[in-house]
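Novice: Take a look at structure08.txt, compact mmCIF, C-alpha atoms:
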# COMPACT_ATOMS: atom_id res chain seq x y z
CA MET D 51 12.29 -19.19 -10.11
CA LYS D 52 10.48 -15.85 -10.25
CA ARG D 53 9.38 -14.72 -6.75
CA ILE D 54 6.39 -12.35 -6.55
CA ILE D 55 5.06 -10.74 -3.37
CA LEU D 56 1.41 -9.71 -3.13
CA ALA D 57 0.64 -6.98 -0.58
CA ILE D 58 -2.72 -5.62 -1.76
CA ASP D 59 -5.00 -3.60 0.50
CA SER D 60 -8.73 -4.34 0.62
CA PHE D 61 -10.94 -2.89 -2.11
CA LYS D 62 -13.24 -1.25 0.44
CA GLY D 63 -16.84 -2.43 0.27
CA CYS D 64 -15.88 -5.00 -2.34
CA LEU D 65 -12.96 -7.35 -1.61
CA SER D 66 -10.84 -8.12 1.42
CA SER D 67 -7.07 -8.00 1.14
CA LEU D 68 -6.88 -11.80 0.93
CA GLU D 69 -9.65 -12.02 -1.70
CA ALA D 70 -7.88 -9.47 -3.90
CA GLU D 71 -4.59 -11.34 -3.52
CA GLU D 72 -6.15 -14.71 -4.33
CA ALA D 73 -7.55 -13.28 -7.57
CA ALA D 74 -4.13 -11.88 -8.45
CA GLU D 75 -2.43 -15.18 -7.59
CA HIS D 76 -4.70 -17.12 -9.95
CA GLY D 77 -3.92 -14.69 -12.76
CA LEU D 78 -0.17 -14.81 -12.13
CA ASN D 79 -0.10 -18.62 -12.11
CA GLU D 80 -1.79 -18.60 -15.51
CA ARG D 81 0.47 -15.82 -16.77
CA TRP D 82 3.74 -17.51 -15.78
CA GLN D 83 4.74 -21.10 -15.08
CA GLY D 84 7.01 -22.15 -12.22
CA ILE D 85 6.72 -18.98 -10.13
CA GLU D 86 6.56 -18.51 -6.36
CA VAL D 87 3.74 -16.26 -5.20
CA VAL D 88 3.79 -15.08 -1.59
CA LYS D 89 0.53 -13.56 -0.34
CA VAL D 90 0.81 -11.06 2.52
CA PRO D 91 -2.68 -9.87 3.59
CA VAL D 92 -2.27 -6.26 4.67
CA THR D 93 -4.13 -3.59 6.60
CA ASP D 94 -3.79 0.06 7.57
CA GLY D 95 -5.74 -0.42 10.80
CA GLY D 96 -9.20 -0.15 9.28
CA ASP D 97 -11.64 -2.74 8.02
CA GLY D 98 -10.24 -6.26 8.01
CA MET D 99 -7.40 -5.57 10.44
CA LEU D 100 -8.34 -8.33 12.88
CA GLU D 101 -8.53 -11.00 10.17
CA VAL D 102 -5.10 -9.99 8.87
CA PHE D 103 -3.51 -10.32 12.30
CA LEU D 104 -5.27 -13.66 12.87
CA GLN D 105 -3.81 -14.96 9.62
CA LEU D 106 -0.30 -13.59 9.99
CA SER D 107 0.30 -13.84 13.76
CA ASP D 108 -0.08 -16.48 16.45
CA CYS D 109 -3.44 -15.24 17.78
CA GLU D 110 -6.51 -16.60 19.52
CA ARG D 111 -9.94 -15.09 18.79
CA VAL D 112 -12.18 -14.10 21.71
CA PHE D 113 -15.91 -13.47 21.17
CA VAL D 114 -17.86 -10.88 23.16
CA GLU D 115 -21.59 -10.13 23.32
CA CYS D 116 -21.73 -6.37 22.76
CA HIS D 117 -23.53 -3.68 20.74
CA ASP D 118 -23.18 -2.02 17.35
CA ALA D 119 -23.20 1.72 16.72
CA LEU D 120 -27.01 1.82 17.07
CA MET D 121 -26.89 -0.18 20.33
CA ARG D 122 -28.28 -3.31 18.75
CA PRO D 123 -26.95 -6.56 20.27
CA ILE D 124 -24.17 -8.18 18.22
CA ARG D 125 -21.37 -10.66 18.74
CA ALA D 126 -17.96 -9.17 17.99
CA SER D 127 -14.43 -10.38 18.65
CA TYR D 128 -10.88 -9.36 19.43
CA ALA D 129 -7.62 -11.30 19.30
CA VAL D 130 -5.09 -12.26 21.93
CA ARG D 131 -1.61 -12.53 20.45
CA SER D 132 0.91 -15.04 21.81
CA ASP D 133 2.74 -12.21 23.61
CA ASP D 134 -0.52 -11.24 25.42
CA THR D 135 -1.09 -8.23 23.17
CA ILE D 136 -4.78 -7.56 22.49
CA ILE D 137 -5.77 -6.66 18.92
CA ILE D 138 -9.05 -4.75 18.65
CA GLU D 139 -10.59 -3.63 15.35
CA THR D 140 -13.06 -0.95 16.39
CA ALA D 141 -15.06 -1.28 13.16
CA LEU D 142 -16.25 -4.72 14.30
CA SER D 143 -18.44 -3.04 16.92
CA CYS D 144 -19.06 0.50 15.66
CA GLY D 145 -18.37 0.00 11.95
CA ILE D 146 -20.27 1.71 9.16
CA ASN D 147 -20.42 -1.62 7.33
CA LEU D 148 -22.72 -2.96 10.06
CA ILE D 149 -25.38 -0.34 9.29
CA ASN D 150 -27.61 0.26 6.26
CA ASN D 151 -27.15 3.62 4.53
CA GLN D 152 -30.65 4.76 5.49
CA GLU D 153 -29.85 4.07 9.16
CA LEU D 154 -26.76 6.25 9.33
CA ASN D 155 -27.06 8.90 12.03
CA PRO D 156 -23.87 10.27 13.60
CA LEU D 157 -25.92 12.09 16.23
CA ARG D 158 -27.07 8.73 17.54
CA ALA D 159 -24.22 6.37 16.61
CA THR D 160 -22.07 5.32 19.57
CA THR D 161 -18.72 3.67 20.30
CA TYR D 162 -20.24 1.89 23.32
CA GLY D 163 -19.44 -1.51 21.78
CA VAL D 164 -15.74 -0.64 21.60
CA GLY D 165 -15.82 -0.05 25.34
CA GLU D 166 -17.44 -3.44 25.85
CA LEU D 167 -14.67 -5.20 23.91
CA LEU D 168 -12.01 -3.23 25.76
CA ALA D 169 -13.58 -3.88 29.16
CA ASP D 170 -13.70 -7.62 28.51
CA ALA D 171 -9.95 -7.72 27.88
CA LEU D 172 -9.16 -5.38 30.80
CA GLN D 173 -11.18 -7.53 33.21
CA LYS D 174 -9.00 -10.47 32.19
CA GLY D 175 -5.88 -8.54 33.17
CA TYR D 176 -4.44 -7.67 29.75
CA LYS D 177 -2.37 -4.49 29.62
CA LYS D 178 -1.03 -4.18 26.08
CA PHE D 179 -3.33 -3.18 23.24
CA ILE D 180 -3.20 -2.44 19.51
CA ILE D 181 -6.39 -0.61 18.54
CA GLY D 182 -7.31 -0.34 14.86
CA LEU D 183 -9.20 2.88 14.13
CA GLY D 184 -11.16 3.24 10.92
CA GLY D 185 -14.41 2.48 9.17
CA SER D 186 -16.58 3.79 12.00
CA ALA D 187 -20.18 5.00 11.73
CA THR D 188 -19.61 7.24 14.75
CA SER D 189 -18.68 10.80 15.57
CA ASP D 190 -19.09 10.71 19.35
CA CYS D 191 -15.48 11.51 20.34
CA GLY D 192 -15.31 8.15 22.10
CA LEU D 193 -17.93 9.18 24.68
CA GLY D 194 -19.80 5.93 24.13
CA MET D 195 -16.67 3.89 24.79
CA LEU D 196 -15.92 5.84 27.95
CA THR D 197 -19.50 5.34 29.15
CA ALA D 198 -19.23 1.58 28.64
CA LEU D 199 -15.96 1.45 30.59
CA LYS D 200 -17.56 3.38 33.47
CA ASN D 201 -20.68 1.19 33.44
CA ILE D 202 -18.73 -2.08 33.36
CA LEU D 203 -15.61 -1.25 35.38
CA GLY D 204 -16.98 1.41 37.71
CA ASN D 205 -16.58 5.19 38.07
CA SER D 206 -12.92 4.88 39.06
CA TRP D 207 -11.97 2.73 36.06
CA ARG D 208 -9.04 4.96 35.11
CA ASP D 209 -7.45 4.54 38.55
CA LYS D 210 -7.83 0.77 38.20
CA ILE D 211 -6.43 0.25 34.69
CA LEU D 212 -4.00 3.00 33.73
CA HIS D 213 -1.10 1.49 35.68
CA ASN D 214 1.25 -0.12 33.12
CA LEU D 215 -1.36 0.20 30.35
CA ASP D 216 0.22 0.25 26.88
CA VAL D 217 -2.15 1.34 24.10
CA THR D 218 -1.05 1.83 20.50
CA LEU D 219 -3.53 3.24 18.00
CA ALA D 220 -3.18 1.87 14.48
CA SER D 221 -4.26 4.66 12.16
CA ASP D 222 -3.02 6.73 9.27
CA VAL D 223 -5.47 9.57 9.97
CA SER D 224 -3.77 12.79 11.08
CA ASN D 225 -6.86 14.99 11.57
CA PRO D 226 -7.47 16.84 14.86
CA LEU D 227 -10.61 16.37 16.95
CA TYR D 228 -12.45 19.49 15.80
CA GLY D 229 -12.22 22.48 13.50
CA GLU D 230 -12.02 22.86 9.74
CA HIS D 231 -10.03 19.62 9.42
CA GLY D 232 -11.65 17.88 12.38
CA ALA D 233 -13.56 14.63 12.67
CA ALA D 234 -17.02 16.04 11.98
CA ALA D 235 -16.08 18.37 9.10
CA VAL D 236 -13.96 15.86 7.20
CA PHE D 237 -15.55 12.49 7.95
CA GLY D 238 -19.08 13.45 9.02
CA PRO D 239 -20.64 13.55 5.53
CA GLN D 240 -19.72 9.94 4.73
CA LYS D 241 -21.42 8.93 8.00
CA GLY D 242 -24.68 10.62 7.07
CA ALA D 243 -24.12 14.04 8.65
CA THR D 244 -25.89 17.05 7.17
CA THR D 245 -24.34 20.52 7.28
CA GLU D 246 -26.41 21.28 10.37
CA MET D 247 -25.31 18.03 12.05
CA ILE D 248 -21.65 18.77 11.31
CA GLY D 249 -21.92 22.10 13.13
CA TYR D 250 -23.51 20.43 16.15
CA LEU D 251 -20.99 17.56 16.20
CA ASP D 252 -18.07 19.97 15.99
CA ARG D 253 -19.44 22.09 18.85
CA ARG D 254 -19.96 18.95 20.92
CA ALA D 255 -16.35 17.93 20.30
CA ARG D 256 -15.09 21.37 21.35
CA THR D 257 -17.16 21.24 24.54
CA PHE D 258 -15.97 17.72 25.38
CA SER D 259 -12.35 18.75 24.78
CA ARG D 260 -12.70 21.78 27.03
CA MET D 261 -14.25 19.74 29.84
CA ALA D 262 -11.69 16.93 29.50
CA SER D 263 -8.78 19.38 29.57
CA VAL D 264 -10.09 20.96 32.78
CA GLN D 265 -10.46 17.51 34.34
CA LEU D 266 -7.05 16.18 33.33
CA GLY D 267 -4.96 19.34 32.94
CA VAL D 268 -3.95 18.44 29.39
CA ASP D 269 -5.68 18.44 26.02
CA HIS D 270 -4.83 16.17 23.08
CA ALA D 271 -7.52 17.56 20.73
CA PHE D 272 -4.96 18.67 18.16
CA ASP D 273 -2.65 15.70 18.41
CA LYS D 274 -2.21 13.73 15.20
CA GLY D 275 -5.04 11.21 14.92
CA ALA D 276 -7.33 12.73 17.56
CA GLY D 277 -10.05 12.93 14.91
CA ALA D 278 -9.69 9.30 13.80
CA ALA D 279 -12.86 7.16 13.94
CA GLY D 280 -15.07 10.15 14.69
CA GLY D 281 -12.89 11.37 17.56
CA LEU D 282 -12.46 7.95 19.14
CA GLY D 283 -8.73 8.54 18.75
CA TYR D 284 -9.05 11.54 21.08
CA ALA D 285 -10.64 9.47 23.84
CA PHE D 286 -7.75 7.00 23.76
CA LEU D 287 -5.12 9.75 23.61
CA GLN D 288 -6.74 11.85 26.34
CA PHE D 289 -7.85 9.21 28.82
CA MET D 290 -5.48 6.27 28.26
CA ASN D 291 -2.18 7.93 27.37
CA ALA D 292 -2.26 6.12 24.02
CA LYS D 293 0.31 6.62 21.30
CA ILE D 294 -0.47 6.53 17.61
CA GLN D 295 1.42 4.75 14.85
CA SER D 296 0.82 3.98 11.20
CA GLY D 297 -1.25 0.81 10.97
CA VAL D 298 0.87 -0.37 8.07
CA ASP D 299 4.08 0.14 10.03
CA ILE D 300 2.72 -1.83 12.97
CA LEU D 301 1.80 -4.75 10.72
CA PHE D 302 5.04 -4.73 8.72
CA GLU D 303 7.14 -4.64 11.88
CA THR D 304 5.09 -7.48 13.37
CA ILE D 305 5.55 -9.80 10.39
CA ASN D 306 9.05 -8.57 9.42
CA PHE D 307 7.95 -7.54 5.92
CA ASP D 308 11.50 -6.53 5.08
CA ALA D 309 12.62 -10.16 5.36
CA ILE D 310 9.56 -11.45 3.45
CA ILE D 311 10.37 -9.37 0.36
CA ASP D 312 14.06 -10.25 0.43
CA LYS D 313 15.17 -11.63 -2.97
CA ALA D 314 11.77 -10.94 -4.52
CA ASP D 315 11.64 -10.14 -8.24
CA LEU D 316 8.41 -8.16 -8.09
CA ILE D 317 5.98 -6.71 -5.54
CA ILE D 318 2.35 -6.07 -6.41
CA THR D 319 0.34 -3.75 -4.20
CA GLY D 320 -3.00 -2.04 -4.63
CA GLU D 321 -6.19 -0.55 -3.24
CA GLY D 322 -9.72 0.27 -4.32
CA SER D 323 -8.96 3.79 -5.52
CA ALA D 324 -5.51 5.20 -6.29
CA ASP D 325 -4.73 8.88 -6.80
CA ALA D 326 -2.43 11.59 -5.45
CA GLN D 327 -3.74 10.88 -1.91
CA THR D 328 -2.21 7.41 -2.19
CA LEU D 329 1.16 9.12 -1.84
CA MET D 330 0.16 10.68 1.50
CA GLY D 331 1.08 7.69 3.65
CA LYS D 332 -1.50 5.19 2.40
CA LEU D 333 -0.67 1.49 2.33
CA PRO D 334 0.57 1.18 -1.29
CA VAL D 335 3.17 3.92 -0.84
CA LYS D 336 4.40 2.22 2.36
CA VAL D 337 4.90 -0.95 0.32
CA LEU D 338 6.66 1.12 -2.33
CA GLU D 339 9.12 2.47 0.25
CA TYR D 340 10.17 -1.08 1.15
CA GLY D 341 10.56 -1.99 -2.52
CA LEU D 342 12.61 1.07 -3.37
CA ARG D 343 15.02 0.39 -0.50
CA LYS D 344 15.76 -3.05 -1.98
CA ASN D 345 15.55 -2.00 -5.62
CA ILE D 346 12.55 -4.30 -6.22
CA PRO D 347 10.00 -3.07 -8.79
CA VAL D 348 6.57 -2.35 -7.28
CA VAL D 349 3.41 -2.49 -9.40
CA LEU D 350 0.27 -0.67 -8.27
CA ILE D 351 -3.21 -1.92 -9.22
CA ALA D 352 -6.53 -0.30 -8.28
CA GLY D 353 -10.21 -0.36 -9.17
CA ARG D 354 -10.01 3.33 -9.98
CA VAL D 355 -6.86 5.25 -10.94
CA VAL D 356 -6.37 9.02 -11.22
CA ASP D 357 -3.17 10.98 -11.82
CA VAL D 358 -1.06 8.09 -13.12
CA SER D 359 1.88 10.41 -13.83
CA SER D 360 2.24 11.34 -10.14
CA LEU D 361 2.09 7.70 -9.10
CA LEU D 362 4.75 6.71 -11.62
CA SER D 363 6.92 9.68 -10.62
CA ALA D 364 6.76 8.47 -7.01
CA GLY D 365 8.49 5.26 -8.06
CA PHE D 366 5.86 2.69 -8.99
CA SER D 367 7.20 0.70 -11.92
CA GLN D 368 3.72 0.23 -13.40
CA VAL D 369 0.21 1.48 -12.55
CA GLU D 370 -2.83 -0.44 -13.77
CA CYS D 371 -6.54 0.24 -13.41
CA VAL D 372 -8.20 -3.17 -13.16
CA THR D 373 -11.63 -1.84 -14.20
CA PRO D 374 -12.33 -1.66 -17.96
CA SER D 375 -13.64 1.75 -19.02
CA ASP D 376 -16.93 0.31 -20.31
CA ILE D 377 -17.98 -1.23 -16.97
CA PRO D 378 -20.31 0.89 -14.76
CA PHE D 379 -19.19 1.50 -11.20
CA SER D 380 -22.19 -0.43 -9.82
CA GLU D 381 -20.97 -3.52 -11.74
CA ALA D 382 -17.26 -3.01 -11.06
CA ILE D 383 -17.71 -3.19 -7.28
CA LYS D 384 -19.45 -6.56 -7.40
CA PRO D 385 -16.95 -9.03 -5.83
CA VAL D 386 -17.17 -11.56 -8.69
CA ILE D 387 -16.53 -8.85 -11.30
CA ALA D 388 -13.72 -7.26 -9.31
CA LYS D 389 -11.96 -10.60 -8.85
CA GLU D 390 -12.17 -11.32 -12.57
CA ASN D 391 -10.82 -7.87 -13.42
CA ILE D 392 -7.83 -8.33 -11.07
CA HIS D 393 -7.26 -11.78 -12.58
CA LYS D 394 -7.17 -10.34 -16.11
CA THR D 395 -4.92 -7.44 -15.10
CA MET D 396 -2.12 -9.87 -14.17
CA PHE D 397 -1.68 -10.61 -17.87
CA LYS D 398 -0.67 -6.96 -18.43
CA LEU D 399 2.39 -7.25 -16.17
What is this structure when it is put down as structure tokens?
Specialist:
Amino acid sequence: MKRIILAIDSFKGCLSSLEAEEAAEHGLNERWQGIEVVKVPVTDGGDGMLEVFLQLSDCERVFVECHDALMRPIRASYAVRSDDTIIIETALSCGINLINNQELNPLRATTYGVGELLADALQKGYKKFIIGLGGSATSDCGLGMLTALKNILGNSWRDKILHNLDVTLASDVSNPLYGEHGAAAVFGPQKGATTEMIGYLDRRARTFSRMASVQLGVDHAFDKGAGAAGGLGYAFLQFMNAKIQSGVDILFETINFDAIIDKADLIITGEGSADAQTLMGKLPVKVLEYGLRKNIPVVLIAGRVVDVSSLLSAGFSQVECVTPSDIPFSEAIKPVIAKENIHKTMFKL
């Protein structure tokens, strides 16, 4: 019996990981008879991370009344894993997907809601955290989160919680807090920042870093991932002694992905847009590394594909763009259309 593993990332703004994999599964079952298809919803720490952990791990969901990036009341959630590890997806409280494009304003957007989620778990005595960074509408360096912690837990919150606190940041972003490759310069435009705003946000980050380093005697502004989620990574690194790890690696270690793919005949991975940047530590290339170690062919599918030759040279056995050339982008990103295109692509394998 042919055994096929599906480990497809979300098509951002279009399909979740599981939705993409279900479309692929339907196509594969029509393409071949008597096959075993194993779906492994995956995440790099960004949008959809919490749902993936809820599906793949023994977790309980906890709901919290909090605020979105514009301080509007919302109900968000985090997960408590069976080993008492807390899983927080920051995008569920400060995510860009919670805000209309015309409302985007990184000068106003805040991570306050992240602090509310974190405070809820800390008040219940939890000490171990996995924090997914990504998909934020914010560029506040985590100041909003820190304000929420102070407001809820008191001015001496760090003295109360840092003892035995274990925080791991799930992120594949390596940018520093500020500068040419910092949070504002690189990620600000997609959050609605103008050139003038970017200059202000970068200066604010520099000032915050300088003040924090004087207060604590150390500065993590140029640590890998400090610029993740609009500098939220910096707040965790600077004030909570957090460590950062690839979101994909955290997930694959948790579910023992190496054992899942054992004796597989084929692995199919994918993402919304594949190009040379895919090879810079993004989820599909992480999947590829596992496949290459076990000599299992890995196929890459994506809604948009550029630089196929580089992707093939990296080791993918096949690279397929699921979107026909005659379909406009506005149509291709409609979930129904995207699912059908993934379904049809399975017949090319």
Novice: Counting all atoms listed in the file, which of D:Asp97, D:Asp170, D:Glu69, D:Glu153 gets nearest to Val114 of chain D?
Specialist: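 Going through D:Asp97, D:Asp170, D:Glu69, D:Glu153 one by one, the smallest distance to Val114 of chain D is for D:Asp170.
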Novice: Between atom CA of Gly281 of chain D and atom CA of Glu246 of chain D, what is the spacing in Å?
Specialist: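 Computed distance, atom CA of Glu246 of chain D to atom CA of Gly281 of chain D, equals 18.2 Å.
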Novice: For the atom pair atom CA of Gly77 of chain D and atom CA of Gly63 of chain D, what is the interatomic distance in Å to one decimal place?
Specialist: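 So the answer is 22.1 Å.
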Novice: Could you list, as a PyMOL selection string, every residue within 6 Å of Ile58 of chain D, counting only C-alpha atoms and ignoring same-chain residues fewer than 6 positions away?
Specialist: chain D and resi 67+319-320
Novice: Mind pulling up the distance from atom CA of Leu183 of chain D to atom CA of Thr140 of chain D?
Specialist: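 Separation between atom CA of Thr140 of chain D and atom CA of Leu183 of chain D: 5.9 Å.
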Novice: Out of D:Arg53, D:Arg158, D:Lys241, D:Arg111, which residue has the shortest atom-to-atom distance to Ile146 of chain D when counting all atoms listed in the file?
Specialist: D:Lys241
Novice: Quick one: of D:Glu230, D:Gln288, D:Asn147, D:Leu342, who's nearest to Leu196 of chain D, counting all atoms listed in the file?
Specialist: D:Gln288
Novice: Could you list, as a list in words, every residue within 10 Å of segment 377-380 of chain D, counting all atoms listed in the file and ignoring same-chain residues fewer than 6 positions away?
Specialist: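 Returned residues: Gly353, Arg354 and Ile387 of chain D.
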Novice: Could you save those same residues with C-alpha atoms as a compact mmCIF listing (two decimals), keeping the file's coordinate frame?
Specialist:
# COMPACT_ATOMS: atom_id res chain seq x y z
CA GLY D 353 -10.21 -0.36 -9.17
CA ARG D 354 -10.01 3.33 -9.98
CA ILE D 387 -16.53 -8.85 -11.30
Novice: For Ile351 of chain D, please output as a list in words all residues within 8 Å (counting only C-alpha atoms; exclusion window: fewer than 2 positions along the same chain).
Specialist: Ile318, Thr319, Gly320, Glu321, Val349, Gly353, Val369, Glu370, Cys371 and Val372 of chain D
Novice: Determine the nearest neighbour of Asn291 of chain D from the options D:Tyr162, D:Phe397, D:Phe179, D:Phe113, counting only C-alpha atoms.
Specialist: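 Distance minimum relative to Asn291 of chain D lands on D:Phe179.
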Novice: Taking all atoms of segment 72-77 of chain D that the file lists, what box with edges along x, y and z, padded by 5 Å per side, do you get, with centre and edge lengths in Å to one decimal, as lines of an AutoDock Vina configuration file?
Specialist:
center_x = -5.0
center_y = -14.5
center_z = -8.5
size_x = 15.1
size_y = 15.2
size_z = 18.4
Novice: For Lys394 of chain D, find every residue with an atom within 10 Å (counting only C-alpha atoms), except residues of its own chain fewer than 2 positions away, and show them as an MDAnalysis selection string.
Specialist: chainID D and resid 73:74 76:78 80:81 372:373 388:392 396:398
Novice: Within 10 Å of Arg254 of chain D, counting all atoms listed in the file, which residues show up once you throw out same-chain ones fewer than 2 positions away? Write them as a compact mmCIF listing (two decimals) with C-alpha atoms, in the coordinates of the input, please.
Specialist:
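New file out04.txt:
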# COMPACT_ATOMS: atom_id res chain seq x y z
CA SER D 189 -18.68 10.80 15.57
CA ASP D 190 -19.09 10.71 19.35
CA CYS D 191 -15.48 11.51 20.34
CA TYR D 228 -12.45 19.49 15.80
CA ALA D 234 -17.02 16.04 11.98
CA ILE D 248 -21.65 18.77 11.31
CA GLY D 249 -21.92 22.10 13.13
CA TYR D 250 -23.51 20.43 16.15
CA LEU D 251 -20.99 17.56 16.20
CA ASP D 252 -18.07 19.97 15.99
CA ARG D 256 -15.09 21.37 21.35
CA THR D 257 -17.16 21.24 24.54
CA PHE D 258 -15.97 17.72 25.38
CA SER D 259 -12.35 18.75 24.78
CA ARG D 260 -12.70 21.78 27.03
Novice: Would you please work out which residue, of D:Val217, D:Ala271, D:Val90, D:Gly192, is nearest to Asp308 of chain D when using only C-alpha atoms?
Specialist: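 Of D:Val217, D:Ala271, D:Val90, D:Gly192, the one nearest Asp308 of chain D, counting only C-alpha atoms, is D:Val90.
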